[in-house]
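Student: Structure: input.txt, compact mmCIF, C-alpha atoms.
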# COMPACT_ATOMS: atom_id res chain seq x y z
CA MET A 1 73.58 -181.47 98.57
CA SER A 2 74.67 -179.01 95.93
CA ASP A 3 72.50 -176.65 93.89
CA SER A 4 74.96 -176.52 90.98
CA THR A 5 74.37 -180.06 89.73
CA GLU A 6 72.42 -180.35 86.50
CA PRO A 7 69.22 -182.44 86.70
CA LEU A 8 70.08 -186.13 86.44
CA VAL A 9 66.95 -186.87 84.40
CA SER A 10 65.41 -184.92 81.53
CA ALA A 11 62.22 -183.04 82.23
CA GLU A 12 60.15 -185.19 79.81
CA VAL A 13 60.94 -188.50 81.53
CA ASP A 14 57.54 -189.67 82.77
CA LEU A 15 57.10 -193.21 84.15
CA ARG A 16 53.65 -192.75 85.65
CA GLY A 17 51.56 -195.85 85.08
CA TYR A 18 54.72 -197.95 84.87
CA ASP A 19 54.12 -200.26 87.85
CA PHE A 20 57.61 -201.72 88.01
CA MET A 21 60.60 -200.19 89.78
CA PRO A 22 63.87 -202.20 89.89
CA LEU A 23 65.13 -203.13 93.34
CA PHE A 24 68.57 -204.73 93.37
CA GLY A 25 68.57 -206.79 96.56
CA ALA A 26 72.28 -207.61 96.74
CA ARG A 27 73.24 -203.98 96.19
CA LEU A 28 70.69 -202.71 98.71
CA PHE A 29 71.18 -205.18 101.57
CA ASP A 30 74.97 -205.06 101.32
CA SER A 31 75.06 -201.25 101.37
CA ASP A 32 76.18 -198.98 104.19
CA PHE A 33 72.75 -197.37 104.12
CA TYR A 34 71.03 -200.62 105.08
CA SER A 35 73.59 -201.28 107.83
CA LEU A 36 73.19 -197.84 109.41
CA CYS A 37 69.51 -196.96 108.98
CA SER A 38 66.77 -197.59 111.52
CA ASP A 39 63.53 -199.35 110.67
CA ALA A 40 61.70 -196.03 110.42
CA GLU A 41 64.42 -194.55 108.19
CA PHE A 42 64.42 -197.60 105.91
CA ARG A 43 60.64 -197.56 105.58
CA ALA A 44 60.58 -193.84 104.75
CA ALA A 45 63.40 -194.25 102.20
CA MET A 46 61.60 -197.09 100.40
CA ILE A 47 58.40 -195.05 100.21
CA LEU A 48 60.24 -192.01 98.87
CA TRP A 49 62.02 -194.06 96.22
CA TRP A 50 58.67 -195.29 94.90
CA LYS A 51 57.16 -191.79 95.09
CA ALA A 52 60.17 -190.41 93.20
CA TRP A 53 59.78 -193.10 90.52
CA ASN A 54 56.27 -191.76 89.82
CA GLN A 55 57.19 -188.06 89.84
CA VAL A 56 57.98 -185.97 86.78
CA PRO A 57 60.85 -186.00 86.06
CA ALA A 58 61.09 -189.60 87.28
CA ALA A 59 63.50 -190.34 90.19
CA SER A 60 63.11 -186.82 91.58
CA LEU A 61 61.27 -185.18 94.49
CA PRO A 62 60.38 -181.60 95.39
CA ASP A 63 62.84 -180.13 97.88
CA ASP A 64 60.24 -179.09 100.46
CA ASP A 65 60.06 -180.67 103.92
CA ARG A 66 56.28 -180.28 104.15
CA ILE A 67 55.78 -182.21 100.90
CA LEU A 68 58.48 -184.76 101.69
CA ALA A 69 57.02 -185.46 105.14
CA ASN A 70 53.62 -186.07 103.62
CA LEU A 71 55.04 -188.31 100.86
CA ALA A 72 57.00 -190.35 103.44
CA GLY A 73 53.86 -190.99 105.50
CA TYR A 74 54.46 -188.45 108.29
CA GLY A 75 51.68 -186.07 107.27
CA ARG A 76 52.15 -182.73 109.04
CA ASN A 77 54.40 -184.11 111.76
CA LEU A 78 57.51 -182.18 110.69
CA PRO A 79 59.49 -182.77 113.93
CA ALA A 80 59.21 -186.56 113.49
CA TRP A 81 60.11 -186.25 109.82
CA ARG A 82 63.21 -184.17 110.50
CA LYS A 83 64.52 -186.85 112.89
CA ILE A 84 64.79 -189.38 110.08
CA ARG A 85 65.16 -186.98 107.13
CA GLU A 86 68.90 -187.28 106.55
CA MET A 87 69.01 -191.06 106.31
CA ALA A 88 65.66 -191.32 104.49
CA LEU A 89 67.05 -189.06 101.74
CA HIS A 90 70.28 -191.06 101.47
CA GLY A 91 71.41 -191.07 97.82
CA PHE A 92 69.50 -187.93 96.81
CA VAL A 93 71.28 -184.83 95.50
CA ARG A 94 69.90 -181.32 95.04
CA CYS A 95 70.03 -180.07 91.45
CA SER A 96 69.83 -176.71 89.75
CA ASP A 97 66.09 -177.05 88.95
CA GLY A 98 65.24 -176.95 92.67
CA ARG A 99 64.45 -180.67 92.94
CA ILE A 100 66.36 -183.53 94.51
CA TYR A 101 67.31 -186.61 92.45
CA HIS A 102 68.27 -190.09 93.59
CA LYS A 103 71.49 -190.95 91.81
CA PHE A 104 70.92 -194.69 91.32
CA LEU A 105 67.21 -194.41 90.57
CA SER A 106 67.93 -191.73 87.99
CA SER A 107 70.07 -194.08 85.89
CA GLU A 108 67.37 -196.76 86.06
CA ALA A 109 64.65 -194.25 85.20
CA VAL A 110 66.53 -193.22 82.04
CA LYS A 111 66.72 -196.89 80.98
CA ALA A 112 63.00 -197.41 81.65
CA TRP A 113 62.14 -194.26 79.70
CA GLU A 114 64.16 -195.41 76.71
CA GLY A 115 62.28 -198.71 76.82
CA ARG A 116 58.94 -196.90 76.92
CA LEU A 117 59.92 -194.79 73.89
CA LYS A 118 60.93 -197.92 71.96
CA ASP A 119 57.60 -199.52 72.82
CA ARG A 120 55.72 -196.45 71.60
CA ASP A 121 57.71 -196.45 68.38
CA ARG A 122 57.00 -200.16 67.87
CA LYS A 123 53.26 -199.61 68.32
CA ALA A 124 53.30 -196.63 65.95
CA LYS A 125 55.04 -198.70 63.28
CA TRP A 126 52.53 -201.51 63.80
CA ARG A 127 49.61 -199.13 63.34
CA GLU A 128 51.18 -197.69 60.19
CA LYS A 129 51.72 -201.18 58.83
CA GLN A 130 48.08 -202.07 59.54
CA LYS A 131 46.90 -198.96 57.72
CA GLU A 132 48.94 -199.93 54.67
CA LYS A 133 47.60 -203.48 54.84
CA ASP A 134 44.00 -202.26 55.10
CA ALA A 135 44.51 -199.90 52.18
CA THR A 136 45.93 -202.72 50.05
CA GLU A 137 43.07 -205.09 50.90
CA THR A 138 40.52 -202.35 50.16
CA GLY A 139 41.98 -201.82 46.72
CA THR A 140 42.05 -205.58 46.04
CA GLY A 141 38.45 -205.95 47.15
CA GLN A 142 37.21 -203.26 44.78
CA GLY A 143 39.09 -204.78 41.84
CA HIS A 144 37.61 -208.29 42.25
CA ASP A 145 34.24 -207.75 43.89
CA GLY A 146 32.92 -204.63 42.20
CA ASP A 147 31.04 -202.56 44.74
CA ARG A 148 32.13 -204.73 47.66
CA THR A 149 34.69 -203.17 50.00
CA GLY A 150 38.03 -204.72 50.77
CA THR A 151 36.92 -205.27 54.35
CA ALA A 152 33.93 -207.34 53.28
CA ALA A 153 36.07 -209.24 50.76
CA SER A 154 38.73 -210.05 53.33
CA GLN A 155 36.11 -211.25 55.79
CA ARG A 156 34.53 -213.40 53.05
CA ARG A 157 37.94 -214.96 52.43
CA GLY A 158 38.20 -215.81 56.12
CA ARG A 159 40.59 -213.05 57.19
CA ASN A 160 39.68 -210.63 59.97
CA VAL A 161 40.62 -206.98 59.64
CA SER A 162 42.89 -206.10 62.54
CA VAL A 163 42.05 -203.21 64.84
CA PRO A 164 45.00 -201.21 66.19
CA PRO A 165 45.45 -201.29 69.98
CA ASP A 166 44.11 -198.42 72.08
CA SER A 167 41.39 -197.64 69.50
CA ASP A 168 37.91 -196.55 70.53
CA SER A 169 36.42 -199.82 69.34
CA ASP A 170 38.22 -201.97 71.93
CA SER A 171 35.50 -201.79 74.60
CA ASP A 172 32.69 -202.50 72.14
CA SER A 173 34.66 -205.39 70.66
CA ASP A 174 35.25 -206.97 74.06
CA SER A 175 31.56 -206.67 74.95
CA ASN A 176 30.50 -208.29 71.67
CA LYS A 177 32.99 -211.10 72.12
CA SER A 178 31.62 -211.82 75.59
CA LYS A 179 28.03 -211.99 74.33
CA GLU A 180 29.02 -214.21 71.41
CA LEU A 181 30.78 -216.63 73.73
CA CYS A 182 27.86 -216.94 76.15
CA HIS A 183 25.02 -217.03 73.59
CA ALA A 184 26.67 -219.03 70.81
CA ASP A 185 24.40 -221.27 68.75
CA ALA A 186 27.11 -223.76 67.73
CA PRO A 187 28.41 -225.96 70.57
CA HIS A 188 31.30 -227.62 68.77
CA GLN A 189 33.45 -224.71 67.59
CA PRO A 190 32.57 -221.66 69.71
CA GLN A 191 34.22 -218.39 68.79
CA ARG A 192 37.17 -217.71 71.05
CA ALA A 193 38.15 -214.30 72.32
CA THR A 194 41.79 -213.26 72.39
CA LYS A 195 41.19 -211.37 75.63
CA GLY A 196 39.43 -212.66 78.73
CA THR A 197 36.00 -211.24 79.55
CA ARG A 198 33.71 -211.43 82.57
CA LEU A 199 30.46 -213.38 82.53
CA PRO A 200 27.75 -210.93 81.36
CA THR A 201 25.53 -209.68 84.17
CA ASP A 202 22.41 -210.72 82.24
CA TRP A 203 23.72 -214.22 81.52
CA GLN A 204 21.17 -216.99 81.07
CA LEU A 205 21.92 -220.62 80.24
CA PRO A 206 21.81 -220.87 76.40
CA PRO A 207 19.65 -223.68 74.94
CA VAL A 208 22.67 -225.32 73.29
CA TRP A 209 24.49 -225.42 76.61
CA ARG A 210 21.42 -226.97 78.24
CA ASP A 211 21.23 -229.64 75.53
CA TRP A 212 24.87 -230.54 76.08
CA THR A 213 24.31 -230.72 79.85
CA THR A 214 21.32 -233.02 79.42
CA ALA A 215 23.39 -235.34 77.23
CA GLU A 216 26.35 -235.23 79.63
CA LYS A 217 24.24 -235.70 82.77
CA PRO A 218 21.17 -237.78 81.85
CA SER A 219 20.13 -238.10 85.48
CA TRP A 220 19.81 -234.32 85.92
CA THR A 221 16.33 -232.87 85.76
CA ALA A 222 15.61 -229.50 84.14
CA GLY A 223 15.09 -228.00 87.60
CA TYR A 224 18.44 -229.27 88.84
CA ILE A 225 20.20 -227.88 85.74
CA ASP A 226 18.63 -224.49 86.54
CA GLN A 227 20.03 -224.72 90.07
CA VAL A 228 23.53 -225.50 88.78
CA ALA A 229 23.30 -222.61 86.28
CA ALA A 230 22.23 -220.20 89.06
CA ALA A 231 25.18 -221.29 91.21
CA PHE A 232 27.50 -220.88 88.20
CA ALA A 233 26.29 -217.31 87.59
CA ASP A 234 26.45 -216.32 91.27
CA TYR A 235 29.99 -217.66 91.61
CA TRP A 236 31.45 -215.90 88.57
CA HIS A 237 29.54 -212.66 89.11
CA GLY A 238 30.84 -212.51 92.68
CA LYS A 239 34.44 -213.43 91.87
CA ALA A 240 36.93 -210.58 91.58
CA GLY A 241 40.36 -210.19 90.02
CA GLN A 242 41.96 -211.60 86.90
CA GLY A 243 40.64 -215.08 87.64
CA ALA A 244 37.08 -213.87 86.99
CA THR A 245 37.75 -213.41 83.26
CA LYS A 246 37.66 -216.24 80.73
CA THR A 247 38.27 -216.51 77.01
CA ASP A 248 35.78 -219.37 76.54
CA TRP A 249 32.78 -219.37 78.87
CA TYR A 250 31.22 -222.38 77.17
CA ALA A 251 34.28 -224.49 78.04
CA THR A 252 34.15 -223.07 81.58
CA TRP A 253 30.53 -224.22 81.86
CA ARG A 254 31.39 -227.73 80.67
CA ASN A 255 34.17 -228.03 83.24
CA TRP A 256 31.81 -226.70 85.90
CA VAL A 257 29.18 -229.33 85.07
CA ARG A 258 31.70 -232.19 85.08
CA GLN A 259 32.81 -231.22 88.60
CA GLN A 260 29.28 -231.20 90.03
CA ARG A 261 27.89 -234.14 91.91
CA ASP A 262 24.73 -235.81 90.72
CA PRO A 263 21.63 -234.94 92.77
CA PRO A 264 20.87 -237.47 95.52
CA ALA A 265 18.46 -240.19 94.40
CA THR A 266 15.06 -240.02 96.07
CA THR A 267 13.92 -243.43 97.38
CA ARG A 268 10.42 -244.14 98.54
CA SER A 269 9.68 -246.63 101.33
CA PRO A 270 7.00 -249.23 100.54
CA PRO A 271 3.67 -248.46 102.16
CA LYS A 272 3.20 -250.09 105.49
CA ALA A 273 0.46 -252.69 105.72
CA ALA A 274 -2.48 -251.71 107.82
CA SER A 275 -2.26 -253.17 111.27
CA VAL A 276 -5.07 -255.67 111.82
CA PRO A 277 -5.82 -256.49 115.46
CA LYS A 278 -6.24 -260.05 116.49
CA ALA A 279 -9.82 -261.30 116.73
CA GLU A 280 -9.44 -262.19 120.38
CA GLU A 281 -8.52 -258.52 121.10
CA MET A 282 -11.70 -257.13 119.45
CA THR A 283 -15.07 -256.50 120.93
CA PRO A 284 -18.03 -258.30 119.38
CA GLU A 285 -19.03 -255.00 117.69
CA GLU A 286 -15.59 -254.60 116.10
CA ILE A 287 -15.67 -258.21 114.91
CA GLU A 288 -19.07 -257.67 113.38
CA ARG A 289 -17.92 -254.53 111.51
CA ARG A 290 -14.84 -256.29 110.15
CA TYR A 291 -16.05 -259.83 109.45
CA GLY A 292 -19.81 -259.55 109.27
CA LYS A 293 -22.34 -260.94 111.70
CA THR A 294 -22.58 -264.34 110.08
CA SER A 295 -18.84 -264.96 110.30
CA ILE A 296 -18.41 -264.23 113.99
CA PRO A 297 -17.14 -267.34 115.70
CA THR A 298 -19.10 -268.29 118.77
CA GLY A 299 -17.58 -267.12 121.97
CA TRP A 300 -15.11 -264.68 120.26
CA GLY A 301 -14.66 -261.32 121.83
CA ARG A 302 -12.11 -259.22 123.74
CA GLY A 303 -10.53 -261.37 126.35
CA VAL A 304 -12.49 -264.47 125.27
CA GLN A 305 -10.69 -267.32 123.51
CA PRO A 306 -12.57 -269.30 120.83
Represent the structure of the file as structure tokens.
Tutor:
Amino acid sequence: MSDSTEPLVSAEVDLRGYDFMPLFGARLFDSDFYSLCSDAEFRAAMILWWKAWNQVPAASLPDDDRILANLAGYGRNLPAWRKIREMALHGFVRCSDGRIYHKFLSSEAVKAWEGRLKDRDRKAKWREKQKEKDATETGTGQGHDGDRTGTAASQRRGRNVSVPPDSDSDSDSDSNKSKELCHADAPHQPQRATKGTRLPTDWQLPPVWRDWTTAEKPSWTAGYIDQVAAAFADYWHGKAGQGATKTDWYATWRNWVRQQRDPPATTRSPPKAASVPKAEEMTPEEIERRYGKTSIPTGWGRGVQP
């Protein structure tokens, strides 16, 4: 490695938070590096490539064995690190700023940085365009509605005022959308969110949802509907990941209800008739209690045939 080489990436190139790093399989697995490296060397190289991608400047690493060993997963075990160091740093060159740069990753990092700058510029232009649109609507609203603002006028005409991304109102907006979806009064055209939200922690089955369930499942009792709602809440509160967010919780509830089995029907057995012993098996006293003294046949009694 040479110290005279200029840095391969500008100092401002920062790809932190960019969770994608290109990996060209054909180029990698057909390379001399892959043919010659050991498993430990390959593993360390892959880790260092990813660590370099998230350094500033991107695609570079500090030229210090203690730091490199730690980044590669060897901690403070410098002797073990030095055994695989040369091959693990295959493709890196030392530059005049005291850091080492991976030649191929550097070219890809520059491309990714240019893409990030274009995306930032696109968002800035979008925000500027929204500001101009809001200003125009505000002026129109004052001209036609007197003391009403353009925002109120645009909402009255059925148009929503857009909120630029990354604004401070995003979290409040998402929370409100979630509450509106789960406590909506109108069952036929519920308001839809453009971004999925989790089921609110204080969710209770709305009356409108209960009415729909009763109509859909006439055999369900109110208690059984409560059981299904409790299972619904426990399932979605306990679920993690992207699948736990929905844009329309009312539709999710309807699908949930349709997939549930009806409660088992409770059948009652007819009451059994009281067992009446035969007269010949009764004592005279039992016959008298059951039939009365005047109706006792002569000679009847336990073990005595009439």
Student: For Trp253 of chain A, please output as a PyMOL selection string all residues within 9 Å (counting all atoms listed in the file; exclusion window: fewer than 4 positions along the same chain).
Tutor: chain A and resi 209+229+232+248-249+257-258
Student: Using all atoms listed in the file, which of A:Asn70, A:Ser60, A:Gln260, A:Thr245 sits nearest Glu216 of chain A?
Tutor: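 Under the stated criterion, the closest residue is A:Gln260.
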Student: Within 8 Å of segment 5-10 of chain A, counting all atoms listed in the file, which residues show up once you throw out same-chain ones fewer than 5 positions away? Write them as a PyMOL selection string, please.
Tutor: chain A and resi 57-59+94-97+101+103+106-107+109-110
Student: Using all atoms listed in the file for the distances, tell me which of A:Gly75, A:Pro206, A:Pro263, A:Gly196 is nearest to Gln227 of chain A.
Tutor: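 With all atoms listed in the file as the atom set, the closest residue is A:Pro263.
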Student: May I have the residues at most 9 Å from (62.8, -188.1, 107.9) in the file's coordinates, counting only C-alpha atoms, as a PDB file with C-alpha atoms, in the coordinates of the input?
Tutor:
ATOM      1  CA  ALA A  40      61.700-196.030 110.420  1.00  0.00           C
ATOM      2  CA  GLU A  41      64.420-194.550 108.190  1.00  0.00           C
ATOM      3  CA  ALA A  44      60.580-193.840 104.750  1.00  0.00           C
ATOM      4  CA  ALA A  45      63.400-194.250 102.200  1.00  0.00           C
ATOM      5  CA  ASP A  65      60.060-180.670 103.920  1.00  0.00           C
ATOM      6  CA  LEU A  68      58.480-184.760 101.690  1.00  0.00           C
ATOM      7  CA  ALA A  69      57.020-185.460 105.140  1.00  0.00           C
ATOM      8  CA  ALA A  72      57.000-190.350 103.440  1.00  0.00           C
ATOM      9  CA  TYR A  74      54.460-188.450 108.290  1.00  0.00           C
ATOM     10  CA  LEU A  78      57.510-182.180 110.690  1.00  0.00           C
ATOM     11  CA  PRO A  79      59.490-182.770 113.930  1.00  0.00           C
ATOM     12  CA  ALA A  80      59.210-186.560 113.490  1.00  0.00           C
ATOM     13  CA  TRP A  81      60.110-186.250 109.820  1.00  0.00           C
ATOM     14  CA  ARG A  82      63.210-184.170 110.500  1.00  0.00           C
ATOM     15  CA  LYS A  83      64.520-186.850 112.890  1.00  0.00           C
ATOM     16  CA  ILE A  84      64.790-189.380 110.080  1.00  0.00           C
ATOM     17  CA  ARG A  85      65.160-186.980 107.130  1.00  0.00           C
ATOM     18  CA  GLU A  86      68.900-187.280 106.550  1.00  0.00           C
ATOM     19  CA  MET A  87      69.010-191.060 106.310  1.00  0.00           C
ATOM     20  CA  ALA A  88      65.660-191.320 104.490  1.00  0.00           C
ATOM     21  CA  LEU A  89      67.050-189.060 101.740  1.00  0.00           C
TER      22      LEU A  89
END
Student: So that I can see what lies close to Asp64 of chain A, please list as a list in words the residues with an atom at most 10 Å from it, counting all atoms listed in the file and leaving out residues fewer than 2 positions away in the same chain.
Tutor: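 Using all atoms listed in the file, the neighbours found are Leu61, Pro62, Arg66, Ile67, Leu68, Ala69, Gly98, Arg99 and Ile100 of chain A.
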Student: To one decimal place in Å, what is the distance between atom CA of Leu205 of chain A and atom CA of Ile225 of chain A?
Tutor: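 These two atoms are separated by 9.3 Å.
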Student: Taking the point (27.4, -210.5, 87.3) as given in the file, collect each protein or nucleic acid residue that comes within 9 Å of it, counting all atoms listed in the file, and present the set as a list in words.
Tutor: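 Those residues lying close to the given coordinates are Arg198, Leu199, Pro200, Thr201, Asp202, Trp203, Ala233, Asp234, Tyr235, Trp236, His237, Gly238 and Lys239 of chain A.
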Student: Would you write out those residues with C-alpha atoms, as a CSV table (one decimal), in the coordinates of the input?
Tutor:
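What landed in selection_37.csv:
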chain,number,residue,atom,x,y,z
A,198,ARG,CA,33.7,-211.4,82.6
A,199,LEU,CA,30.5,-213.4,82.5
A,200,PRO,CA,27.8,-210.9,81.4
A,201,THR,CA,25.5,-209.7,84.2
A,202,ASP,CA,22.4,-210.7,82.2
A,203,TRP,CA,23.7,-214.2,81.5
A,233,ALA,CA,26.3,-217.3,87.6
A,234,ASP,CA,26.4,-216.3,91.3
A,235,TYR,CA,30.0,-217.7,91.6
A,236,TRP,CA,31.4,-215.9,88.6
A,237,HIS,CA,29.5,-212.7,89.1
A,238,GLY,CA,30.8,-212.5,92.7
A,239,LYS,CA,34.4,-213.4,91.9
Student: Enter the distance from atom CA of Leu71 of chain A to atom CA of Ala26 of chain A, in Å, rounded to one decimal.
Tutor: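 Computed distance, atom CA of Leu71 of chain A to atom CA of Ala26 of chain A, equals 26.2 Å.
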Student: Pick the closest to Gly91 of chain A from A:Asn255, A:Ser31, A:Gln130, A:Thr136: which is it, counting only C-alpha atoms?
Tutor: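 Counting only C-alpha atoms, the residue closest to Gly91 of chain A is A:Ser31.
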Student: What's the separation between atom CA of Ala265 of chain A and atom CA of Lys217 of chain A, in Å to one decimal place?
Tutor: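 Calculated distance between atom CA of Ala265 of chain A and atom CA of Lys217 of chain A is 13.7 Å.
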Student: Of the candidates A:Gln242, A:His90, A:Val56, A:Asn77, which shows the shortest atom-to-atom distance to Asp32 of chain A, using only C-alpha atoms?
Tutor: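 With only C-alpha atoms as the atom set, the closest residue is A:His90.
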